[in-house]
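Have a look at upload.cif; it's mmCIF, C-alpha atoms and all ligand atoms:
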```cif
data_upload
#
loop_
_atom_site.label_atom_id
_atom_site.label_comp_id
_atom_site.auth_asym_id
_atom_site.auth_seq_id
_atom_site.Cartn_x
_atom_site.Cartn_y
_atom_site.Cartn_z
CA MET M 81 0.00 0.00 0.00
CA ALA M 82 1.28 3.47 -0.85
CA ASP M 83 2.81 5.29 2.11
CA ASN M 84 0.57 8.24 3.02
CA ASP M 85 2.73 9.83 5.75
CA ASN M 86 5.25 11.58 3.51
CA ARG M 87 2.81 12.50 0.79
CA THR M 88 3.57 15.91 -0.74
CA GLU M 89 2.15 17.69 -3.74
CA GLY M 90 4.28 17.14 -6.86
CA ASP M 91 5.64 20.24 -8.51
CA ARG M 92 7.01 18.83 -11.76
CA PHE M 93 4.16 19.87 -14.05
CA TRP M 94 6.21 21.99 -16.47
CA PRO M 95 3.11 23.87 -17.61
CA SER M 96 5.01 25.81 -20.26
CA GLU M 97 6.42 22.65 -21.83
CA PRO M 98 4.26 21.33 -24.73
CA PRO M 99 3.29 17.67 -24.38
CA ARG M 100 5.69 15.30 -26.05
CA SER M 101 4.35 12.54 -28.22
CA GLU M 102 6.66 10.94 -30.75
CA PRO M 103 4.89 9.91 -33.94
CA TYR M 104 5.60 6.35 -35.05
CA ALA M 105 7.99 6.74 -37.95
CA LEU M 106 7.59 3.49 -39.89
CA LYS M 107 6.45 4.15 -43.46
CA GLY M 108 2.67 4.39 -43.74
CA SER M 109 2.14 3.32 -40.12
CA SER M 110 1.74 6.57 -38.21
CA GLY M 111 -2.07 6.32 -38.15
CA LEU M 112 -2.27 2.77 -36.83
CA ASP M 113 -3.52 1.82 -33.40
CA TRP M 114 -0.97 1.62 -30.59
CA GLY M 115 -1.01 -2.17 -30.38
CA MET M 116 -0.40 -2.47 -34.09
CA GLN M 117 2.50 -0.01 -33.92
CA SER M 118 3.91 -1.76 -30.89
CA ARG M 119 3.94 -5.08 -32.74
CA LEU M 120 5.50 -3.50 -35.83
CA ALA M 121 8.15 -1.97 -33.59
CA ARG M 122 9.05 -5.49 -32.47
CA VAL M 123 9.57 -6.56 -36.09
CA PHE M 124 11.20 -3.38 -37.45
CA ARG M 125 14.12 -2.42 -35.23
CA PRO M 126 13.22 1.06 -33.94
CA SER M 127 16.79 2.40 -34.31
CA THR M 128 16.78 1.80 -38.08
CA SER M 129 13.09 1.15 -38.92
CA ARG M 130 14.41 -1.91 -40.78
CA THR M 131 14.15 -5.65 -40.28
CA VAL M 132 16.01 -8.86 -40.93
CA MET M 133 13.25 -11.43 -40.93
CA LEU M 134 14.27 -15.06 -41.19
CA ALA M 135 11.79 -17.03 -43.31
CA ILE M 136 11.49 -20.70 -42.41
CA ASP M 137 7.87 -21.32 -43.32
CA HIS M 138 8.66 -23.36 -46.46
CA GLY M 139 7.46 -26.60 -44.88
CA TYR M 140 3.84 -25.46 -44.95
CA PHE M 141 3.63 -26.36 -48.63
CA GLN M 142 6.83 -28.24 -49.47
CA GLY M 143 7.65 -30.34 -46.44
CA PRO M 144 11.17 -30.66 -44.99
CA THR M 145 13.14 -28.28 -47.23
CA THR M 146 16.93 -28.57 -47.41
CA GLY M 147 18.30 -26.78 -44.37
CA LEU M 148 15.04 -27.09 -42.44
CA GLU M 149 15.10 -30.84 -41.81
CA ARG M 150 15.84 -30.15 -38.12
CA VAL M 151 14.72 -26.66 -37.19
CA ASP M 152 15.79 -27.29 -33.59
CA LEU M 153 19.39 -27.77 -34.73
CA SER M 154 19.67 -25.47 -37.75
CA ILE M 155 17.42 -22.50 -36.94
CA VAL M 156 17.24 -22.12 -33.17
CA PRO M 157 20.93 -21.07 -33.03
CA LEU M 158 20.14 -18.25 -35.48
CA LEU M 159 17.29 -16.73 -33.49
CA GLY M 160 19.44 -14.23 -31.65
CA TYR M 161 20.51 -12.67 -34.95
CA ALA M 162 17.05 -12.30 -36.50
CA ASP M 163 14.74 -9.35 -35.86
CA ALA M 164 11.79 -11.66 -36.49
CA LEU M 165 11.08 -15.26 -37.43
CA MET M 166 8.52 -16.08 -40.12
CA THR M 167 7.23 -19.52 -39.37
CA THR M 168 4.20 -21.75 -38.84
CA ARG M 169 2.26 -22.34 -35.65
CA GLY M 170 3.27 -26.00 -35.72
CA MET M 171 6.93 -25.12 -35.68
CA VAL M 172 6.38 -22.42 -33.05
CA ARG M 173 4.65 -24.74 -30.63
CA SER M 174 6.87 -27.75 -31.21
CA THR M 175 10.32 -26.24 -31.58
CA ILE M 176 10.80 -22.49 -31.08
CA PRO M 177 11.76 -21.66 -27.48
CA PRO M 178 9.33 -19.03 -26.13
CA ALA M 179 12.17 -17.56 -24.09
CA SER M 180 14.09 -16.71 -27.26
CA GLY M 181 12.05 -13.51 -27.38
CA THR M 182 12.28 -13.43 -31.18
CA PRO M 183 9.06 -11.91 -32.56
CA ILE M 184 7.01 -14.36 -34.59
CA VAL M 185 5.52 -13.53 -37.97
CA LEU M 186 3.00 -16.30 -38.21
CA ARG M 187 2.17 -18.02 -41.50
CA ALA M 188 -1.62 -17.81 -41.63
CA SER M 189 -2.51 -19.15 -45.08
CA GLY M 190 -2.08 -22.59 -46.56
CA GLY M 191 -3.78 -25.60 -48.04
CA PRO M 192 -2.25 -26.95 -51.23
CA SER M 193 1.07 -28.74 -51.34
CA ILE M 194 3.64 -28.53 -54.13
CA LEU M 195 1.74 -31.43 -55.72
CA ARG M 196 -1.30 -29.20 -56.40
CA GLU M 197 -2.19 -25.69 -57.54
CA LEU M 198 -0.37 -23.47 -55.05
CA SER M 199 -2.63 -20.44 -55.39
CA ASP M 200 -5.60 -22.42 -54.03
CA GLU M 201 -4.88 -21.31 -50.45
CA GLN M 202 -7.25 -20.56 -47.62
CA ILE M 203 -6.83 -18.93 -44.24
CA ALA M 204 -5.13 -21.54 -42.08
CA VAL M 205 -4.87 -19.81 -38.68
CA SER M 206 -7.42 -17.78 -36.75
CA MET M 207 -6.45 -14.37 -35.45
CA GLU M 208 -7.39 -15.60 -31.99
CA ASP M 209 -4.74 -18.29 -32.20
CA ALA M 210 -2.23 -15.77 -33.54
CA ALA M 211 -2.95 -13.65 -30.45
CA ARG M 212 -2.56 -16.70 -28.21
CA ILE M 213 0.85 -17.33 -29.74
CA ASN M 214 1.74 -13.67 -29.17
CA ALA M 215 2.44 -13.23 -32.88
CA ALA M 216 3.91 -9.89 -33.88
CA ALA M 217 2.23 -10.21 -37.30
CA VAL M 218 0.51 -12.75 -39.52
CA ALA M 219 1.59 -13.58 -43.08
CA VAL M 220 -0.68 -14.44 -45.98
CA GLN M 221 0.18 -15.37 -49.55
CA VAL M 222 -1.40 -13.30 -52.34
CA PHE M 223 -1.29 -14.67 -55.89
CA ILE M 224 -1.87 -11.73 -58.23
CA GLY M 225 -2.38 -13.16 -61.72
CA GLY M 226 -2.64 -16.67 -60.29
CA GLN M 227 -5.48 -19.11 -60.87
CA PHE M 228 -7.03 -18.38 -57.45
CA GLU M 229 -6.16 -14.69 -57.38
CA THR M 230 -9.48 -13.47 -55.97
CA GLN M 231 -9.61 -16.17 -53.30
CA SER M 232 -6.09 -15.33 -52.13
CA VAL M 233 -6.89 -11.61 -52.06
CA ARG M 234 -10.01 -12.43 -50.07
CA ASN M 235 -7.88 -14.40 -47.59
CA MET M 236 -5.80 -11.30 -47.09
CA THR M 237 -8.70 -8.87 -46.73
CA ALA M 238 -10.45 -11.19 -44.25
CA LEU M 239 -7.28 -11.25 -42.14
CA VAL M 240 -6.95 -7.46 -42.43
CA ASP M 241 -10.52 -7.09 -41.12
CA GLN M 242 -9.68 -9.33 -38.15
CA SER M 243 -6.32 -7.63 -37.65
CA GLN M 244 -8.09 -4.38 -36.82
CA ARG M 245 -9.87 -6.11 -33.93
CA TYR M 246 -6.75 -7.79 -32.54
CA GLY M 247 -4.11 -5.19 -33.35
CA ILE M 248 -2.00 -7.76 -35.18
CA PRO M 249 -0.51 -6.49 -38.46
CA VAL M 250 -0.82 -8.41 -41.72
CA LEU M 251 2.16 -9.11 -43.95
CA ALA M 252 1.07 -9.81 -47.54
CA VAL M 253 3.48 -12.07 -49.42
CA THR M 254 3.28 -11.53 -53.18
CA ALA M 255 3.72 -14.96 -54.69
CA VAL M 256 4.88 -15.01 -58.29
CA GLY M 257 3.83 -18.10 -60.23
CA LYS M 258 6.22 -19.70 -62.72
CA GLU M 259 4.31 -18.28 -65.67
CA LEU M 260 4.61 -14.65 -64.47
CA THR M 261 7.58 -12.31 -64.97
CA ARG M 262 9.13 -10.81 -61.88
CA ASP M 263 9.64 -7.39 -63.43
CA ALA M 264 8.95 -4.00 -61.89
CA ARG M 265 5.66 -3.64 -63.74
CA TYR M 266 4.28 -6.87 -62.26
CA LEU M 267 5.73 -6.24 -58.81
CA ARG M 268 4.28 -2.72 -58.69
CA LEU M 269 0.87 -4.16 -59.53
CA ALA M 270 1.02 -6.96 -56.96
CA THR M 271 2.48 -4.95 -54.08
CA ARG M 272 0.20 -1.97 -54.62
CA ILE M 273 -2.93 -4.13 -54.66
CA CYS M 274 -1.89 -5.67 -51.33
CA ALA M 275 -1.24 -2.28 -49.75
CA GLU M 276 -4.41 -0.70 -51.14
CA LEU M 277 -6.48 -3.55 -49.70
CA GLY M 278 -5.03 -3.05 -46.26
CA ALA M 279 -1.79 -5.04 -45.80
CA HIS M 280 0.42 -3.37 -43.21
CA VAL M 281 3.64 -4.77 -44.67
CA VAL M 282 4.29 -6.27 -48.11
CA LYS M 283 6.89 -8.82 -49.06
CA THR M 284 8.07 -9.06 -52.63
CA TYR M 285 10.95 -10.15 -54.82
CA TYR M 286 13.80 -7.93 -55.96
CA CYS M 287 14.04 -7.00 -59.62
CA ALA M 288 17.25 -5.67 -61.14
CA GLU M 289 15.53 -2.84 -62.99
CA ASP M 290 13.38 -0.17 -61.36
CA PHE M 291 12.92 -1.81 -57.96
CA ASP M 292 12.97 1.74 -56.60
CA THR M 293 9.65 2.38 -58.36
CA VAL M 294 8.16 -0.73 -56.73
CA ALA M 295 9.20 0.52 -53.29
CA ALA M 296 8.12 4.09 -54.00
CA ALA M 297 4.65 3.04 -55.18
CA CYS M 298 4.04 0.90 -52.10
CA PRO M 299 2.77 3.12 -49.27
CA VAL M 300 3.70 0.65 -46.52
CA PRO M 301 7.04 -1.04 -45.69
CA LEU M 302 8.29 -3.40 -48.37
CA VAL M 303 10.49 -6.32 -47.38
CA MET M 304 12.55 -8.17 -49.94
CA ALA M 305 12.14 -11.93 -50.33
CA GLY M 306 15.31 -13.91 -50.77
CA GLY M 307 14.34 -16.54 -53.34
CA LYS M 308 16.44 -19.48 -54.40
CA LYS M 309 19.93 -19.93 -52.97
CA LEU M 310 22.55 -17.69 -54.57
CA PRO M 311 26.28 -17.45 -53.91
CA GLU M 312 26.66 -15.36 -50.73
CA LEU M 313 28.15 -12.28 -52.42
CA GLU M 314 25.25 -12.17 -54.89
CA ALA M 315 22.67 -12.49 -52.13
CA LEU M 316 24.34 -9.73 -50.12
CA THR M 317 24.50 -7.52 -53.22
CA MET M 318 20.81 -8.08 -53.89
CA ALA M 319 19.95 -7.20 -50.28
CA TYR M 320 22.15 -4.09 -50.42
CA ARG M 321 20.54 -2.87 -53.63
CA ALA M 322 17.04 -3.49 -52.32
CA MET M 323 17.82 -1.46 -49.21
CA GLU M 324 19.39 1.36 -51.21
CA GLU M 325 16.34 1.39 -53.48
CA GLY M 326 13.78 1.73 -50.71
CA ALA M 327 13.13 -1.63 -49.06
CA ALA M 328 12.48 -1.61 -45.32
CA GLY M 329 14.24 -4.90 -44.78
CA VAL M 330 14.54 -8.45 -45.96
CA ASP M 331 12.66 -11.65 -45.31
CA MET M 332 15.20 -14.23 -46.38
CA GLY M 333 15.18 -17.97 -45.98
CA ARG M 334 17.27 -20.23 -48.20
CA ASN M 335 20.00 -17.67 -48.73
CA ILE M 336 20.58 -17.81 -45.00
CA PHE M 337 19.81 -21.31 -43.80
CA GLN M 338 21.27 -23.02 -46.89
CA SER M 339 24.51 -21.04 -46.61
CA ASP M 340 27.65 -22.96 -45.65
CA ASP M 341 27.68 -20.82 -42.51
CA PRO M 342 24.16 -19.60 -41.67
CA VAL M 343 25.26 -17.65 -38.57
CA ALA M 344 27.94 -15.77 -40.52
CA MET M 345 25.45 -15.15 -43.33
CA ILE M 346 22.63 -13.76 -41.20
CA ARG M 347 25.11 -11.50 -39.43
CA ALA M 348 26.40 -10.24 -42.79
CA VAL M 349 22.83 -9.64 -44.01
CA SER M 350 22.09 -7.78 -40.80
CA ALA M 351 25.14 -5.54 -41.31
CA VAL M 352 23.91 -4.73 -44.82
CA VAL M 353 20.37 -3.99 -43.64
CA HIS M 354 21.02 -2.12 -40.41
CA ASP M 355 24.48 -0.60 -40.99
CA SER M 356 24.29 -0.16 -44.79
CA LEU M 357 27.53 -2.13 -45.08
CA LYS M 358 28.56 -2.45 -48.73
CA PRO M 359 28.28 -5.95 -50.26
CA LEU M 360 32.02 -6.64 -50.57
CA ALA M 361 32.67 -5.58 -46.99
CA ALA M 362 29.77 -7.71 -45.78
CA TYR M 363 31.05 -10.65 -47.81
CA ASP M 364 34.50 -10.21 -46.33
CA GLN M 365 32.93 -10.22 -42.86
CA PHE M 366 31.03 -13.39 -43.82
CA LEU M 367 34.22 -15.13 -44.99
CA ARG M 368 36.15 -14.19 -41.86
CA ARG M 369 33.40 -15.40 -39.54
CA ALA M 370 32.90 -18.58 -41.56
CA ALA M 371 36.63 -19.34 -41.47
CA LEU M 372 36.67 -18.74 -37.73
CA SER M 373 33.80 -21.08 -37.06
CA THR M 374 35.62 -23.98 -38.76
CA GLN M 375 38.61 -23.56 -36.44
CA PRO M 376 38.81 -25.48 -33.18
CA ALA M 377 37.38 -23.39 -30.31
CA ASP M 378 40.76 -22.82 -28.62
CA GLN M 379 42.22 -21.22 -31.77
CA ARG M 380 39.40 -18.73 -32.32
CA HIS M 381 39.91 -15.07 -31.53
CA ALA M 382 37.15 -13.15 -29.83
CA ASP M 383 34.76 -11.69 -32.42
C1 LIG M 401 6.62 -17.97 -49.60
O1 LIG M 401 6.31 -18.92 -50.27
C2 LIG M 401 7.14 -18.16 -48.26
O2 LIG M 401 7.02 -17.09 -47.40
C3 LIG M 401 8.51 -18.66 -48.37
O3 LIG M 401 8.66 -19.69 -47.50
C4 LIG M 401 9.58 -17.66 -48.18
O4 LIG M 401 9.30 -16.47 -48.88
C5 LIG M 401 10.79 -18.23 -48.73
O5 LIG M 401 11.91 -17.49 -48.42
P1 LIG M 401 13.14 -17.65 -49.39
O6 LIG M 401 12.61 -17.52 -50.78
O7 LIG M 401 14.06 -16.54 -49.03
O8 LIG M 401 13.75 -18.99 -49.14
#
```

Could I get this file's structure written as structure tokens?
Amino acid sequence: MADNDNRTEGDRFWPSEPPRSEPYALKGSSGLDWGMQSRLARVFRPSTSRTVMLAIDHGYFQGPTTGLERVDLSIVPLLGYADALMTTRGMVRSTIPPASGTPIVLRASGGPSILRELSDEQIAVSMEDAARINAAAVAVQVFIGGQFETQSVRNMTALVDQSQRYGIPVLAVTAVGKELTRDARYLRLATRICAELGAHVVKTYYCAEDFDTVAAACPVPLVMAGGKKLPELEALTMAYRAMEEGAAGVDMGRNIFQSDDPVAMIRAVSAVVHDSLKPLAAYDQFLRRAALSTQPADQRHAD
């Protein structure tokens, strides 16, 4: 119980000082509710407004992908280097230590496997369960130009409606089918549709030409997808260019967990994203860390 004996009137009212209230700076997010902003601030590091999200949700449609056969062994050691982990509720509950503190971006759509038409997805997680898991955001695939385009857009808009009630942001993942070209024209179309229909964050692929127009036309943060495994220097160069051209971060999977040294790679990606380290310098850092980790423990220098 508060002590009443020494109670005095406070005098620190500073009546001439205007009230301070910092606006939330993340692109397109200043008008969101506090809970939504708070969750976004867990995903996008407040000091840079950028994120390194580690995507390991591949199993939801393609089973045990190379590098994800044992998430407990291959991914859990990376958690401390990721700003957020994009994964499924099955993997969260079975394998991800709650004490890791890594914000979860929860895969919330699914249905077809790689043996069927991938765009035929439905909502696969309720917002209530996302809240129970303490998800920082939910992720939904949107197939613009795909066979089930409207259904996938409807999945997203239904989640956006629910997200307003729960304060959990929606990340729209623009999925590009094999028959579509990943050029700026297509990516502008896909990302803008997602943002216009309410996605709080959009994930898309990098394109070598005019990616800056894709980022500029998207009114909410755009995170770059990694795609298939590339040599490390190429992946770091792609991430660097995306950041320079307006991305708010990366959501990379295979280029990290299929690297010869995933810890060294995620740290190099993080240096590119948060410190704007140039690709060659980041690659050099990757090589040095990778070389160090192959040495016996007693010969390693502190890093
Ligand atoms: C889209 O299908 C999923 O979110 C993927 O699991 C994720 O985008 C894959 O990441 P990456 O292409 O970097 O391996």

Sort by chain and increasing residue number a table of all residues of chain M within 9 Å of ligand LIG 401 (chain M), each with its closest pair of atoms and their distance in Å to one decimal, counting only C-alpha atoms and all ligand atoms, and write it as CSV.
```
residue,atom,partner,partner_atom,distance
M:Leu134,CA,M:LIG401,O7,8.0
M:Ala135,CA,M:LIG401,O5,5.1
M:Ile136,CA,M:LIG401,O3,5.9
M:Asp137,CA,M:LIG401,O3,4.6
M:His138,CA,M:LIG401,O3,3.8
M:Gly139,CA,M:LIG401,O3,7.5
M:Tyr140,CA,M:LIG401,O3,7.9
M:Phe141,CA,M:LIG401,O1,8.1
M:Gln142,CA,M:LIG401,O3,9.0
M:Met166,CA,M:LIG401,O2,7.5
M:Thr167,CA,M:LIG401,O3,8.3
M:Arg187,CA,M:LIG401,O2,7.7
M:Ala219,CA,M:LIG401,O2,7.8
M:Val220,CA,M:LIG401,O2,8.3
M:Gln221,CA,M:LIG401,C1,6.9
M:Val253,CA,M:LIG401,O2,6.5
M:Thr254,CA,M:LIG401,C1,8.1
M:Ala255,CA,M:LIG401,O1,6.5
M:Lys283,CA,M:LIG401,O4,8.0
M:Thr284,CA,M:LIG401,O4,8.4
M:Tyr285,CA,M:LIG401,O6,8.6
M:Met304,CA,M:LIG401,O7,8.6
M:Ala305,CA,M:LIG401,O7,5.2
M:Gly306,CA,M:LIG401,O7,3.4
M:Gly307,CA,M:LIG401,O6,3.2
M:Lys308,CA,M:LIG401,O6,5.6
M:Lys309,CA,M:LIG401,O8,7.3
M:Val330,CA,M:LIG401,O7,8.7
M:Asp331,CA,M:LIG401,O7,6.3
M:Met332,CA,M:LIG401,O7,3.7
M:Gly333,CA,M:LIG401,O7,3.5
M:Arg334,CA,M:LIG401,O8,3.8
M:Asn335,CA,M:LIG401,O7,6.1
M:Ile336,CA,M:LIG401,O7,7.8
M:Phe337,CA,M:LIG401,O8,8.4
M:Gln338,CA,M:LIG401,O8,8.8
```

Spatial neighbours of M:Ala188, max dist 9 Å, only C-alpha atoms, sep filter under 5 positions, as an MDAnalysis selection string: chainID M and resid 168:169 202:207 210 218:221 239

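Atom CA of M:Ala344 to atom CA of M:Glu312 spans 10.3 Å [interatomic distance, one decimal].
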
Taking (9.7, -8.6, -38.0) in the file's coordinates as the center, which residues reach within 8 Å of it, counting all atoms listed in the file, put as a short mmCIF file (atom, residue, chain, number, x, y, z; two decimals) with C-alpha atoms, in the frame of the given file?
```cif
data_model
loop_
_atom_site.label_atom_id
_atom_site.label_comp_id
_atom_site.auth_asym_id
_atom_site.auth_seq_id
_atom_site.Cartn_x
_atom_site.Cartn_y
_atom_site.Cartn_z
CA LEU M 120 5.50 -3.50 -35.83
CA ARG M 122 9.05 -5.49 -32.47
CA VAL M 123 9.57 -6.56 -36.09
CA PHE M 124 11.20 -3.38 -37.45
CA THR M 131 14.15 -5.65 -40.28
CA VAL M 132 16.01 -8.86 -40.93
CA MET M 133 13.25 -11.43 -40.93
CA ASP M 163 14.74 -9.35 -35.86
CA ALA M 164 11.79 -11.66 -36.49
CA LEU M 165 11.08 -15.26 -37.43
CA MET M 166 8.52 -16.08 -40.12
CA PRO M 183 9.06 -11.91 -32.56
CA ILE M 184 7.01 -14.36 -34.59
CA VAL M 185 5.52 -13.53 -37.97
CA ALA M 216 3.91 -9.89 -33.88
CA ALA M 217 2.23 -10.21 -37.30
#
```

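The space between atom CA of M:Val281 and atom CA of M:Ser180 spans 23.6 Å.
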
Atomic distance atom CA of M:Gly181 - atom CA of M:Ala162, expressed in Å with one decimal: 10.5 Å

Counting only C-alpha atoms, closest pick from M:Gly247, M:Lys107, M:Ala279, M:Ser373 relative to M:Ala295 is M:Lys107
